[in-house]
file protein-v1.txt (compact mmCIF, C-alpha atoms)
# COMPACT_ATOMS: atom_id res chain seq x y z
CA MET A 419 -75.64 16.23 -27.18
CA SER A 420 -74.39 18.34 -24.29
CA ASN A 421 -70.85 17.10 -24.49
CA VAL A 422 -69.45 17.46 -27.93
CA ASN A 423 -65.96 16.26 -28.66
CA TYR A 424 -64.57 18.68 -31.23
CA GLY A 425 -61.42 16.63 -31.74
CA THR A 426 -63.44 13.65 -32.90
CA ILE A 427 -65.52 15.79 -35.27
CA ILE A 428 -62.41 17.26 -36.88
CA LYS A 429 -60.62 13.92 -37.17
CA ASN A 430 -63.76 12.38 -38.61
CA GLY A 431 -64.14 15.08 -41.26
CA ILE A 432 -60.55 15.01 -42.44
CA PHE A 433 -59.67 11.30 -42.19
CA GLY A 434 -62.38 8.92 -41.05
CA GLU A 435 -65.09 10.16 -43.37
CA ASN A 436 -63.08 12.12 -45.89
CA PRO A 437 -65.75 13.17 -48.41
CA VAL A 438 -63.73 12.33 -51.52
CA PHE A 439 -61.61 9.30 -50.68
CA ARG A 440 -63.70 7.62 -48.01
CA LEU A 441 -67.34 8.42 -48.71
CA ALA A 442 -66.78 8.79 -52.46
CA LEU A 443 -69.23 11.67 -52.54
CA SER A 444 -69.05 14.76 -54.72
CA LEU A 445 -66.51 13.26 -57.06
CA CYS A 446 -67.27 15.40 -60.08
CA PRO A 447 -65.36 18.52 -59.04
CA ALA A 448 -62.64 16.43 -57.41
CA VAL A 449 -61.69 15.17 -60.84
CA ALA A 450 -62.68 18.24 -62.82
CA VAL A 451 -60.75 21.07 -61.21
CA THR A 452 -57.63 19.28 -60.00
CA SER A 453 -55.50 19.68 -63.12
CA GLY A 454 -53.68 22.33 -61.08
CA VAL A 455 -53.06 22.89 -57.38
CA LYS A 456 -54.37 26.45 -57.50
CA ASN A 457 -57.75 25.55 -58.99
CA GLY A 458 -58.12 22.64 -56.60
CA PHE A 459 -57.31 24.89 -53.66
CA LEU A 460 -59.79 27.60 -54.67
CA MET A 461 -62.53 25.04 -55.27
CA GLY A 462 -61.78 23.54 -51.87
CA VAL A 463 -62.01 26.95 -50.22
CA ALA A 464 -65.36 27.58 -51.93
CA VAL A 465 -66.72 24.27 -50.67
CA LEU A 466 -65.30 24.87 -47.19
CA PHE A 467 -67.08 28.23 -47.05
CA VAL A 468 -70.39 26.88 -48.36
CA MET A 469 -70.38 23.90 -45.99
CA THR A 470 -69.58 25.99 -42.94
CA MET A 471 -72.22 28.60 -43.71
CA VAL A 472 -74.89 26.02 -44.65
CA ASN A 473 -74.30 24.06 -41.47
CA ALA A 474 -74.47 27.26 -39.41
CA THR A 475 -77.69 28.40 -41.09
CA VAL A 476 -79.38 25.02 -40.85
CA SER A 477 -78.38 24.72 -37.21
CA LEU A 478 -79.77 28.17 -36.38
CA LEU A 479 -83.04 27.46 -38.18
CA ARG A 480 -83.44 23.86 -37.04
CA LYS A 481 -86.24 24.70 -34.60
CA PHE A 482 -88.22 26.63 -37.24
CA ILE A 483 -88.08 24.25 -40.19
CA ASN A 484 -90.95 21.80 -40.36
CA PRO A 485 -89.48 18.29 -40.76
CA LYS A 486 -91.82 17.64 -43.68
CA VAL A 487 -90.30 20.34 -45.85
CA ARG A 488 -86.75 20.11 -44.53
CA ILE A 489 -85.09 18.83 -47.72
CA PRO A 490 -86.45 21.60 -49.98
CA SER A 491 -85.60 24.14 -47.26
CA TYR A 492 -82.02 22.86 -47.08
CA MET A 493 -81.79 22.99 -50.87
CA PHE A 494 -82.73 26.66 -50.86
CA ILE A 495 -80.30 27.45 -48.05
CA ILE A 496 -77.52 25.71 -49.98
CA ALA A 497 -78.49 27.42 -53.25
CA THR A 498 -78.38 30.80 -51.50
CA TRP A 499 -74.88 30.32 -50.12
CA VAL A 500 -73.66 28.92 -53.43
CA THR A 501 -75.00 32.01 -55.18
CA VAL A 502 -73.07 34.18 -52.73
CA THR A 503 -69.86 32.22 -53.38
CA ASP A 504 -70.46 32.27 -57.12
CA LEU A 505 -70.93 36.04 -57.28
CA VAL A 506 -67.92 36.73 -55.03
CA MET A 507 -65.68 34.48 -57.13
CA ALA A 508 -66.98 35.97 -60.37
CA ALA A 509 -66.07 39.42 -59.04
CA TYR A 510 -62.68 38.78 -57.45
CA ALA A 511 -61.16 35.75 -59.19
CA ARG A 512 -62.07 36.44 -62.79
CA ASP A 513 -59.57 34.19 -64.61
CA VAL A 514 -60.12 31.20 -62.34
CA TYR A 515 -63.88 31.67 -62.54
CA LYS A 516 -63.79 31.44 -66.33
CA GLN A 517 -62.32 27.93 -66.07
CA MET A 518 -64.43 26.53 -63.28
CA GLY A 519 -67.48 28.74 -62.93
CA LEU A 520 -69.79 25.89 -63.86
CA TYR A 521 -68.36 23.67 -61.14
CA ILE A 522 -68.72 26.43 -58.55
CA MET A 523 -72.41 26.72 -59.40
CA LEU A 524 -72.79 22.97 -59.19
CA ILE A 525 -71.66 22.92 -55.55
CA VAL A 526 -75.41 23.25 -55.03
CA ALA A 527 -75.84 19.63 -56.15
CA PHE A 528 -73.15 18.24 -53.86
CA ALA A 529 -74.43 15.28 -51.94
CA ILE A 530 -71.93 15.95 -49.16
CA VAL A 531 -73.30 19.42 -48.32
CA LEU A 532 -76.89 18.20 -48.10
CA SER A 533 -75.95 15.09 -46.17
CA ARG A 534 -74.06 17.03 -43.50
CA ALA A 535 -76.96 19.47 -43.14
CA GLU A 536 -79.36 16.56 -42.78
CA MET A 537 -77.21 14.28 -40.64
CA PHE A 538 -75.41 16.73 -38.39
CA ALA A 539 -76.49 20.37 -38.46
CA SER A 540 -80.20 19.67 -38.16
CA LYS A 541 -79.61 17.91 -34.83
CA ASN A 542 -76.83 19.94 -33.24
CA LYS A 543 -76.16 23.36 -31.74
CA LEU A 544 -74.53 26.18 -33.67
CA LEU A 545 -70.88 25.76 -32.68
CA PRO A 546 -70.55 21.98 -33.22
CA SER A 547 -72.31 22.38 -36.58
CA ILE A 548 -69.87 25.04 -37.70
CA VAL A 549 -66.93 22.87 -36.63
CA ASP A 550 -68.40 19.88 -38.45
CA GLY A 551 -68.95 21.84 -41.65
CA ALA A 552 -65.46 23.29 -41.50
CA ALA A 553 -63.88 19.89 -40.79
CA MET A 554 -65.70 18.22 -43.68
CA GLY A 555 -64.82 21.13 -45.96
CA MET A 556 -61.22 20.85 -44.80
CA GLY A 557 -61.19 17.15 -45.66
CA PHE A 558 -62.49 18.02 -49.10
CA LEU A 559 -59.93 20.79 -49.53
CA LEU A 560 -57.06 18.47 -48.54
CA ALA A 561 -58.21 15.77 -50.96
CA LEU A 562 -58.42 18.29 -53.80
CA VAL A 563 -55.00 19.76 -53.05
CA LEU A 564 -53.47 16.29 -52.86
CA LEU A 565 -54.92 15.33 -56.23
CA GLY A 566 -53.88 18.71 -57.63
CA ILE A 567 -50.27 18.25 -56.50
CA PHE A 568 -50.15 14.76 -58.00
CA ARG A 569 -51.60 15.79 -61.35
CA GLU A 570 -49.93 19.15 -61.83
CA PHE A 571 -46.51 17.76 -60.88
CA LEU A 572 -46.73 14.90 -63.34
CA GLY A 573 -48.74 16.70 -66.01
CA LYS A 574 -46.98 20.05 -66.16
CA GLY A 575 -43.90 19.57 -64.01
CA SER A 576 -44.95 22.52 -61.91
CA LEU A 577 -46.68 23.30 -58.62
CA TRP A 578 -48.99 26.30 -58.19
CA GLY A 579 -47.78 27.50 -61.58
CA TYR A 580 -44.05 27.48 -60.67
CA GLN A 581 -41.95 25.24 -62.89
CA ILE A 582 -40.13 22.67 -60.78
CA LEU A 583 -38.93 19.98 -63.13
CA VAL A 584 -36.29 21.64 -65.31
CA SER A 585 -33.27 20.37 -67.17
CA ASP A 586 -30.63 22.70 -68.67
CA GLY A 587 -32.76 25.67 -67.71
CA LYS A 588 -35.68 24.48 -69.82
CA ALA A 589 -38.92 22.87 -68.71
CA ILE A 590 -38.83 19.15 -69.32
CA LYS A 591 -41.46 17.39 -71.32
CA PRO A 592 -44.08 16.27 -68.80
CA LEU A 593 -46.66 13.49 -68.87
CA LEU A 594 -49.30 15.55 -70.61
CA ILE A 595 -51.94 12.89 -70.08
CA MET A 596 -52.15 13.62 -66.36
CA ILE A 597 -53.82 16.98 -66.89
CA LEU A 598 -56.27 15.62 -69.47
CA PRO A 599 -59.60 14.05 -68.40
CA THR A 600 -58.07 10.58 -68.56
CA GLY A 601 -55.38 11.54 -66.06
CA GLY A 602 -58.01 12.83 -63.64
CA PHE A 603 -59.68 9.44 -63.50
CA PHE A 604 -56.35 7.61 -63.28
CA ALA A 605 -55.10 9.86 -60.47
CA MET A 606 -58.33 9.40 -58.54
CA GLY A 607 -58.30 5.61 -58.93
CA LEU A 608 -54.63 5.28 -58.01
CA MET A 609 -55.01 7.60 -55.02
CA MET A 610 -58.01 5.68 -53.70
CA GLY A 611 -56.31 2.33 -54.18
CA TRP A 612 -53.19 3.62 -52.46
CA LEU A 613 -55.13 4.97 -49.48
CA ASN A 614 -56.95 1.65 -49.19
CA TRP A 615 -53.58 -0.10 -49.10
CA ILE A 616 -52.23 2.26 -46.41
CA ASP A 617 -55.40 1.83 -44.38
CA ARG A 618 -55.10 -1.95 -44.49
CA LYS A 619 -51.36 -2.13 -43.99
CA PHE A 620 -50.84 0.35 -41.19
CA PHE A 621 -54.18 0.97 -39.53
CA GLY A 622 -55.73 -2.48 -39.71
CA GLY A 623 -58.76 -1.12 -41.57
CA SER A 624 -60.78 -3.19 -43.99
CA GLY A 625 -59.43 -0.97 -46.83
CA GLY A 626 -60.71 -2.04 -50.20
CA GLY A 627 -62.69 -5.04 -51.17
CA GLY A 628 -65.85 -3.06 -50.54
CA GLY A 629 -68.31 -2.36 -53.27
CA ALA A 630 -68.74 1.04 -54.83
CA HIS A 631 -71.14 3.16 -52.89
CA HIS A 632 -72.27 6.61 -53.80
CA MET B 887 -87.52 33.16 -85.50
CA HIS B 888 -84.46 32.28 -87.51
CA ILE B 889 -82.96 28.93 -86.59
CA ASN B 890 -79.42 28.01 -87.47
CA TRP B 891 -79.81 24.28 -88.04
CA GLU B 892 -76.14 23.73 -88.62
CA HIS B 893 -75.41 25.11 -85.17
CA VAL B 894 -78.14 22.93 -83.65
CA VAL B 895 -76.64 19.76 -85.16
CA THR B 896 -73.14 20.81 -84.14
CA ILE B 897 -74.23 21.30 -80.54
CA PHE B 898 -75.91 17.90 -80.56
CA ILE B 899 -72.81 16.02 -81.74
CA ALA B 900 -70.47 18.05 -79.59
CA SER B 901 -72.47 17.47 -76.41
CA ALA B 902 -72.95 13.75 -77.05
CA LEU B 903 -69.40 12.80 -78.01
CA ILE B 904 -66.77 15.50 -77.80
CA ASN B 905 -67.87 17.16 -74.58
CA ASN B 906 -69.40 13.99 -73.21
CA PHE B 907 -70.61 14.79 -69.71
CA VAL B 908 -68.87 11.91 -68.04
CA PHE B 909 -65.67 11.56 -70.00
CA SER B 910 -64.67 15.13 -70.61
CA ARG B 911 -66.74 17.34 -68.31
CA TYR B 912 -66.62 14.95 -65.36
CA LEU B 913 -70.22 15.46 -64.35
CA GLY B 914 -72.73 12.97 -62.99
CA LEU B 915 -70.02 10.74 -61.60
CA CYS B 916 -71.97 9.70 -58.50
CA ILE B 917 -74.77 8.29 -60.64
CA PHE B 918 -72.28 6.97 -63.17
CA PHE B 919 -70.51 4.83 -60.58
CA GLY B 920 -73.65 4.14 -58.61
CA VAL B 921 -75.91 2.58 -61.23
CA THR B 922 -73.50 0.90 -63.61
CA LYS B 923 -73.14 -2.33 -61.66
CA LYS B 924 -76.01 -3.88 -63.59
CA MET B 925 -77.04 -3.37 -67.19
CA GLU B 926 -80.73 -3.24 -66.32
CA THR B 927 -80.43 -0.31 -63.92
CA ALA B 928 -78.11 1.48 -66.31
CA VAL B 929 -80.67 1.30 -69.11
CA GLY B 930 -83.53 2.41 -66.83
CA MET B 931 -81.46 5.32 -65.61
CA SER B 932 -80.54 6.35 -69.16
CA PHE B 933 -84.20 6.65 -70.18
CA THR B 934 -85.23 8.57 -67.10
CA PHE B 935 -82.26 10.90 -67.33
CA THR B 936 -82.70 11.78 -70.97
CA ALA B 937 -86.40 12.51 -70.47
CA VAL B 938 -85.89 14.63 -67.35
CA MET B 939 -83.05 16.51 -68.99
CA LEU B 940 -85.12 17.40 -72.05
CA ILE B 941 -88.17 18.55 -70.11
CA GLY B 942 -86.11 20.26 -67.43
CA ALA B 943 -84.09 22.15 -70.01
CA ALA B 944 -87.26 23.27 -71.83
CA LEU B 945 -88.95 24.47 -68.62
CA ASN B 946 -85.86 26.29 -67.45
CA TRP B 947 -85.35 27.87 -70.86
CA VAL B 948 -88.87 29.31 -70.86
CA ILE B 949 -88.48 30.62 -67.33
CA TYR B 950 -85.04 32.05 -68.01
CA GLU B 951 -86.07 33.72 -71.26
CA TYR B 952 -89.49 35.09 -70.28
CA VAL B 953 -89.23 35.66 -66.54
CA MET B 954 -85.65 35.98 -65.42
CA ILE B 955 -84.24 38.11 -68.23
CA PRO B 956 -87.12 40.66 -68.37
CA PHE B 957 -87.01 41.08 -64.58
CA HIS B 958 -83.18 41.06 -64.38
CA LEU B 959 -83.11 38.02 -62.12
CA GLY B 960 -80.16 36.34 -63.82
CA PHE B 961 -78.17 36.28 -60.59
CA LEU B 962 -80.78 34.00 -59.02
CA LYS B 963 -80.39 31.32 -61.65
CA ILE B 964 -78.94 28.67 -59.30
CA VAL B 965 -81.79 29.01 -56.81
CA ILE B 966 -84.50 29.13 -59.49
CA PHE B 967 -83.18 26.28 -61.65
CA ILE B 968 -82.85 23.90 -58.74
CA GLY B 969 -86.33 24.83 -57.56
CA VAL B 970 -87.82 24.23 -61.00
CA VAL B 971 -86.08 20.87 -61.43
CA ALA B 972 -87.05 19.69 -57.94
CA ALA B 973 -90.68 20.75 -58.42
CA PHE B 974 -90.88 19.13 -61.83
CA VAL B 975 -89.37 15.85 -60.67
CA GLN B 976 -91.68 15.76 -57.67
CA ALA B 977 -94.67 16.38 -59.95
CA ALA B 978 -93.53 13.72 -62.41
CA ASP B 979 -93.17 11.30 -59.53
CA THR B 980 -96.71 11.91 -58.30
CA ILE B 981 -98.30 11.89 -61.76
CA MET B 982 -96.51 8.71 -62.82
CA LYS B 983 -97.58 6.95 -59.65
CA LYS B 984 -101.23 7.73 -60.43
CA VAL B 985 -101.27 7.37 -64.21
CA THR B 986 -98.84 4.59 -65.06
CA PRO B 987 -98.07 2.56 -61.92
CA ALA B 988 -96.21 -0.06 -63.97
CA LEU B 989 -93.77 2.46 -65.37
CA TYR B 990 -93.51 4.06 -61.95
CA TYR B 991 -92.29 0.86 -60.32
CA LYS B 992 -89.68 0.50 -63.05
CA LEU B 993 -88.35 4.05 -63.11
CA GLY B 994 -89.62 5.68 -59.90
CA ILE B 995 -86.54 4.90 -57.84
CA TYR B 996 -84.34 6.69 -60.36
CA LEU B 997 -86.49 9.81 -60.21
CA ALA B 998 -85.75 10.25 -56.53
CA LEU B 999 -82.02 10.16 -57.24
CA ILE B 1000 -82.24 12.75 -59.97
CA VAL B 1001 -83.35 15.83 -58.04
CA THR B 1002 -79.98 16.81 -56.70
CA ASN B 1003 -77.95 15.68 -59.63
CA CYS B 1004 -75.34 17.88 -61.16
CA ILE B 1005 -75.90 17.11 -64.83
CA ILE B 1006 -79.62 17.81 -64.74
CA LEU B 1007 -78.71 21.22 -63.37
CA ALA B 1008 -75.69 21.70 -65.62
CA VAL B 1009 -77.76 21.68 -68.83
CA PRO B 1010 -79.89 24.77 -68.04
CA LEU B 1011 -76.84 26.51 -66.55
CA ILE B 1012 -74.84 25.99 -69.75
CA ASN B 1013 -77.85 27.08 -71.83
CA ALA B 1014 -78.15 30.27 -69.81
CA GLU B 1015 -74.42 30.92 -69.96
CA GLU B 1016 -74.25 30.52 -73.75
CA HIS B 1017 -77.58 32.30 -74.43
CA TYR B 1018 -78.85 29.39 -76.51
CA GLY B 1019 -82.22 29.56 -78.26
CA LEU B 1020 -84.94 26.99 -77.64
CA PHE B 1021 -83.84 24.57 -80.35
CA GLU B 1022 -80.19 24.87 -79.41
CA SER B 1023 -81.07 24.21 -75.75
CA MET B 1024 -83.10 21.18 -76.67
CA SER B 1025 -80.31 19.86 -78.84
CA LEU B 1026 -77.83 20.31 -75.99
CA ALA B 1027 -80.18 18.49 -73.61
CA LEU B 1028 -80.83 15.61 -76.00
CA GLY B 1029 -77.16 15.29 -76.96
CA SER B 1030 -76.06 15.32 -73.35
CA GLY B 1031 -78.74 12.83 -72.36
CA LEU B 1032 -77.80 10.40 -75.12
CA GLY B 1033 -74.10 10.90 -74.44
CA PHE B 1034 -74.69 10.10 -70.79
CA SER B 1035 -76.73 7.02 -71.73
CA LEU B 1036 -73.91 5.88 -73.98
CA ALA B 1037 -71.44 6.28 -71.12
CA LEU B 1038 -73.68 4.38 -68.69
CA ILE B 1039 -74.21 1.50 -71.06
CA ILE B 1040 -70.54 1.17 -72.04
CA MET B 1041 -69.53 1.21 -68.39
CA ALA B 1042 -72.23 -1.25 -67.30
CA SER B 1043 -71.26 -3.78 -69.94
CA ILE B 1044 -67.60 -3.59 -68.92
CA ARG B 1045 -68.35 -3.78 -65.22
CA GLU B 1046 -70.43 -6.90 -65.62
CA LYS B 1047 -67.31 -8.56 -67.03
CA LEU B 1048 -65.14 -6.98 -64.35
CA GLU B 1049 -66.96 -8.99 -61.69
CA LEU B 1050 -65.07 -12.05 -62.92
CA ALA B 1051 -61.66 -10.41 -63.04
CA ASP B 1052 -59.03 -10.90 -60.37
CA VAL B 1053 -58.38 -7.35 -59.19
CA PRO B 1054 -55.80 -6.53 -56.46
CA ARG B 1055 -57.60 -6.12 -53.16
CA SER B 1056 -56.86 -2.42 -52.65
CA PHE B 1057 -58.26 -1.65 -56.07
CA GLN B 1058 -61.50 -3.57 -55.82
CA GLY B 1059 -64.71 -1.62 -56.22
CA LEU B 1060 -64.39 2.07 -56.88
CA PRO B 1061 -60.64 2.51 -57.59
CA ILE B 1062 -60.57 0.07 -60.50
CA SER B 1063 -63.74 1.64 -61.88
CA PHE B 1064 -61.96 4.98 -61.95
CA VAL B 1065 -58.99 3.57 -63.82
CA LEU B 1066 -61.43 1.94 -66.24
CA THR B 1067 -63.24 5.23 -66.80
CA GLY B 1068 -59.86 6.80 -67.50
CA LEU B 1069 -59.27 4.29 -70.28
CA ILE B 1070 -62.68 4.96 -71.83
CA ALA B 1071 -62.02 8.70 -71.56
CA LEU B 1072 -58.79 8.11 -73.46
CA ALA B 1073 -60.81 6.57 -76.28
CA PHE B 1074 -63.24 9.48 -76.24
CA LEU B 1075 -60.28 11.84 -76.54
CA GLY B 1076 -60.16 10.67 -80.15
CA PHE B 1077 -63.33 12.67 -80.84
CA SER B 1078 -61.82 15.96 -79.75
CA GLY B 1079 -60.96 18.30 -82.56
CA MET B 1080 -63.64 16.74 -84.76
CA ILE B 1081 -65.74 19.88 -84.43
CA THR B 1082 -64.73 23.22 -83.01
CA LEU B 1083 -67.52 25.22 -81.45

call {"tool": "encode", "arguments": {"input": "protein-v1.txt", "output": "structure tokens"}}
result
Amino acid sequence: MSNVNYGTIIKNGIFGENPVFRLALSLCPAVAVTSGVKNGFLMGVAVLFVMTMVNATVSLLRKFINPKVRIPSYMFIIATWVTVTDLVMAAYARDVYKQMGLYIMLIVAFAIVLSRAEMFASKNKLLPSIVDGAAMGMGFLLALVLLGIFREFLGKGSLWGYQILVSDGKAIKPLLIMILPTGGFFAMGLMMGWLNWIDRKFFGGSGGGGGAHH
Amino acid sequence: MHINWEHVVTIFIASALINNFVFSRYLGLCIFFGVTKKMETAVGMSFTFTAVMLIGAALNWVIYEYVMIPFHLGFLKIVIFIGVVAAFVQAADTIMKKVTPALYYKLGIYLALIVTNCIILAVPLINAEEHYGLFESMSLALGSGLGFSLALIIMASIREKLELADVPRSFQGLPISFVLTGLIALAFLGFSGMITL
């Protein structure tokens, strides 16, 4: 590819193939850490960083990796960058890390990271690969923040820790269920159904009706 | 070596029901939604998963305890655990193909899916984090494996019925499955507080 259209790559990563809502990949953290906007945002940033760096590394090394051992090689590249992220977060974001350290480490098992390395970065030059990784990571980040807003607002009546829903100067009693595991699944299902509806109504997509794919 | 059996049993029950991987830790969702369309695949996956989890946890425990701790390599645990699991699964794949071809054709396809799965990796990571002994690690692995099997089988039996239901078009497929999982998670919430670790 000599002529790479960056606009298309970015649009594809954020909307067309949004990792969470469209491809339904890497769902575990999307449900697990989105009980608050802040956690969702930090997780998204971690994934954004890992995806960008993995795509860059894979792209730089694409001429040196023997196709026969490419998957194990990618796994080790991913594991290395996840370790970097993990150690940085453990050092600088102590309280957040205590809640979601396990999920940070499990970025290594994200299908989306491996699939972008395999499908895009292993065939493209450095710059397009970086843009692709960043766009996909951005799509993931947006999905997480969206879910976080939805759940934290309903479940705690706050956003980013600031109380928004108040009556007579006191915090109102929120829908506690939205920040529990149950709420995570509900929010995800409702959000997906809603996006399918929008897609069908306004963009003429096939939205919905498709089987579950993973 | 002194073994606290009470703790071992507690970990087993907690990991199977209270901290069920799917319903309260949200792990393994890709597999959970991917293989629960048919009961048969769900059962095959449950067996394979529980076995790989047990053996993987044992291997990783030995390596963590006798190689990584003495040499202060704890910070490399992500890289090493994923390497060990991938190597073991690859070996199991090859050995099964040679030794028991019949079993291989039944379960082989699931093995390939397992390598990069988060719950297989989560078990040794939790073990390392909590500094569990061998028996405690095994009990966590077995409990998690059975808990995951339970989740798969519950979900598969509901989804087979769901095929006949009239679901709004936007919610067909994955969205309704999520809502359904939410309802099961609500039921599992009843277990919380049964045991405090």

call {"tool": "closest_residue", "arguments": {"input": "protein-v1.txt", "among": "B:Val985, B:Ile1039, B:Cys1004, B:Leu959", "to": "chain A", "atoms": "all atoms listed in the file"}}
result
B:Cys1004

call {"tool": "interface_residues", "arguments": {"input": "protein-v1.txt", "of": "chain B", "to": "chain A", "cutoff": "8 Å", "atoms": "all atoms listed in the file", "output": "VMD selection string"}}
result
chain B and resid 909 to 917 919 to 920 961 to 962 964 to 965 968 to 969 1002 to 1004 1007 to 1008 1011 to 1012 1055 to 1065 1067 to 1072

call {"tool": "closest_residue", "arguments": {"input": "protein-v1.txt", "among": "B:Asn946, B:Ser1043, B:Gln976, B:Ser1030", "to": "Ala1014 (chain B)", "atoms": "only C-alpha atoms"}}
result
B:Asn946

call {"tool": "closest_residue", "arguments": {"input": "protein-v1.txt", "among": "A:Leu559, A:Leu564, A:Ile597, A:Val531", "to": "Met471 (chain A)", "atoms": "only C-alpha atoms"}}
result
A:Val531

call {"tool": "closest_residue", "arguments": {"input": "protein-v1.txt", "among": "A:Gly434, A:Gly454, A:Gly425, A:Gly462", "to": "Phe558 (chain A)", "atoms": "only C-alpha atoms"}}
result
A:Gly462

call {"tool": "residues_near_point", "arguments": {"input": "protein-v1.txt", "point": "(-47.5, 24.8, -60.3)", "cutoff": "7 Å", "atoms": "only C-alpha atoms", "output": "ChimeraX atom specification"}}
result
/A:454-455,570,576-581

call {"tool": "atom_distance", "arguments": {"input": "protein-v1.txt", "atom1": "CA of Val1053 (chain B)", "atom2": "CA of Leu1066 (chain B)"}}
result
12.1 Å

call {"tool": "axis_aligned_box", "arguments": {"input": "protein-v1.txt", "around": "region 949-964 of chain B", "padding_each_side": "4 Å", "output": "lines of an AutoDock Vina configuration file"}}
result
center_x = -83.8
center_y = 34.9
center_z = -65.1
size_x = 19.3
size_y = 20.4
size_z = 20.2

call {"tool": "residues_around", "arguments": {"input": "protein-v1.txt", "residues": "Val894 (chain B)", "least_positions_apart": "4", "cutoff": "10 Å", "atoms": "all atoms listed in the file", "output": "number ranges by chain"}}
result
B: 889-890, 898-900, 1018-1026

call {"tool": "write_last_selection", "arguments": {"input": "protein-v1.txt", "atoms": "C-alpha atoms", "output": "compact mmCIF listing (two decimals), in the frame of the given file"}}
result
# COMPACT_ATOMS: atom_id res chain seq x y z
CA ILE B 889 -82.96 28.93 -86.59
CA ASN B 890 -79.42 28.01 -87.47
CA PHE B 898 -75.91 17.90 -80.56
CA ILE B 899 -72.81 16.02 -81.74
CA ALA B 900 -70.47 18.05 -79.59
CA TYR B 1018 -78.85 29.39 -76.51
CA GLY B 1019 -82.22 29.56 -78.26
CA LEU B 1020 -84.94 26.99 -77.64
CA PHE B 1021 -83.84 24.57 -80.35
CA GLU B 1022 -80.19 24.87 -79.41
CA SER B 1023 -81.07 24.21 -75.75
CA MET B 1024 -83.10 21.18 -76.67
CA SER B 1025 -80.31 19.86 -78.84
CA LEU B 1026 -77.83 20.31 -75.99

call {"tool": "atom_distance", "arguments": {"input": "protein-v1.txt", "atom1": "CA of Leu1038 (chain B)", "atom2": "CA of Ser932 (chain B)"}}
result
7.2 Å

call {"tool": "closest_residue", "arguments": {"input": "protein-v1.txt", "among": "A:Met518, A:Leu544, A:Ala552, A:Ile428", "to": "Val468 (chain A)", "atoms": "all atoms listed in the file"}}
result
A:Ala552

call {"tool": "atom_distance", "arguments": {"input": "protein-v1.txt", "atom1": "CA of Leu1028 (chain B)", "atom2": "CA of Ala937 (chain B)"}}
result
8.4 Å

call {"tool": "residues_near_point", "arguments": {"input": "protein-v1.txt", "point": "(-78.5, 15.2, -40.0)", "cutoff": "12 Å", "atoms": "only C-alpha atoms", "output": "ChimeraX atom specification"}}
result
/A:473,476-477,480,485,488-489,492,530-543,547,550-551

call {"tool": "write_last_selection", "arguments": {"input": "protein-v1.txt", "atoms": "C-alpha atoms", "output": "tab-separated table (two decimals), in the frame of the given file"}}
result
chain	number	residue	atom	x	y	z
A	473	ASN	CA	-74.30	24.06	-41.47
A	476	VAL	CA	-79.38	25.02	-40.85
A	477	SER	CA	-78.38	24.72	-37.21
A	480	ARG	CA	-83.44	23.86	-37.04
A	485	PRO	CA	-89.48	18.29	-40.76
A	488	ARG	CA	-86.75	20.11	-44.53
A	489	ILE	CA	-85.09	18.83	-47.72
A	492	TYR	CA	-82.02	22.86	-47.08
A	530	ILE	CA	-71.93	15.95	-49.16
A	531	VAL	CA	-73.30	19.42	-48.32
A	532	LEU	CA	-76.89	18.20	-48.10
A	533	SER	CA	-75.95	15.09	-46.17
A	534	ARG	CA	-74.06	17.03	-43.50
A	535	ALA	CA	-76.96	19.47	-43.14
A	536	GLU	CA	-79.36	16.56	-42.78
A	537	MET	CA	-77.21	14.28	-40.64
A	538	PHE	CA	-75.41	16.73	-38.39
A	539	ALA	CA	-76.49	20.37	-38.46
A	540	SER	CA	-80.20	19.67	-38.16
A	541	LYS	CA	-79.61	17.91	-34.83
A	542	ASN	CA	-76.83	19.94	-33.24
A	543	LYS	CA	-76.16	23.36	-31.74
A	547	SER	CA	-72.31	22.38	-36.58
A	550	ASP	CA	-68.40	19.88	-38.45
A	551	GLY	CA	-68.95	21.84	-41.65

call {"tool": "decode", "arguments": {"input": "protein-v1.txt", "residues": "region 1060-1066 of chain B", "atoms": "N, CA and C atoms", "output": "PDB file, in the first residue's frame"}}
result
ATOM      1  N   LEU B1060     -26.225 -10.938  20.029  1.00  0.00           N
ATOM      2  CA  LEU B1060     -25.442 -10.608  21.205  1.00  0.00           C
ATOM      3  C   LEU B1060     -26.153  -9.754  22.258  1.00  0.00           C
ATOM      4  N   PRO B1061     -26.842  -8.652  21.866  1.00  0.00           N
ATOM      5  CA  PRO B1061     -27.437  -7.797  22.904  1.00  0.00           C
ATOM      6  C   PRO B1061     -28.359  -8.549  23.864  1.00  0.00           C
ATOM      7  N   ILE B1062     -29.236  -9.391  23.350  1.00  0.00           N
ATOM      8  CA  ILE B1062     -30.156 -10.091  24.246  1.00  0.00           C
ATOM      9  C   ILE B1062     -29.393 -11.080  25.122  1.00  0.00           C
ATOM     10  N   SER B1063     -28.306 -11.638  24.587  1.00  0.00           N
ATOM     11  CA  SER B1063     -27.497 -12.543  25.408  1.00  0.00           C
ATOM     12  C   SER B1063     -26.902 -11.807  26.596  1.00  0.00           C
ATOM     13  N   PHE B1064     -26.501 -10.557  26.356  1.00  0.00           N
ATOM     14  CA  PHE B1064     -25.944  -9.773  27.460  1.00  0.00           C
ATOM     15  C   PHE B1064     -26.989  -9.528  28.536  1.00  0.00           C
ATOM     16  N   VAL B1065     -28.188  -9.145  28.116  1.00  0.00           N
ATOM     17  CA  VAL B1065     -29.249  -8.882  29.086  1.00  0.00           C
ATOM     18  C   VAL B1065     -29.537 -10.157  29.890  1.00  0.00           C
ATOM     19  N   LEU B1066     -29.546 -11.283  29.168  1.00  0.00           N
ATOM     20  CA  LEU B1066     -29.769 -12.579  29.792  1.00  0.00           C
ATOM     21  C   LEU B1066     -28.696 -12.881  30.833  1.00  0.00           C
TER      22      LEU B1066
END
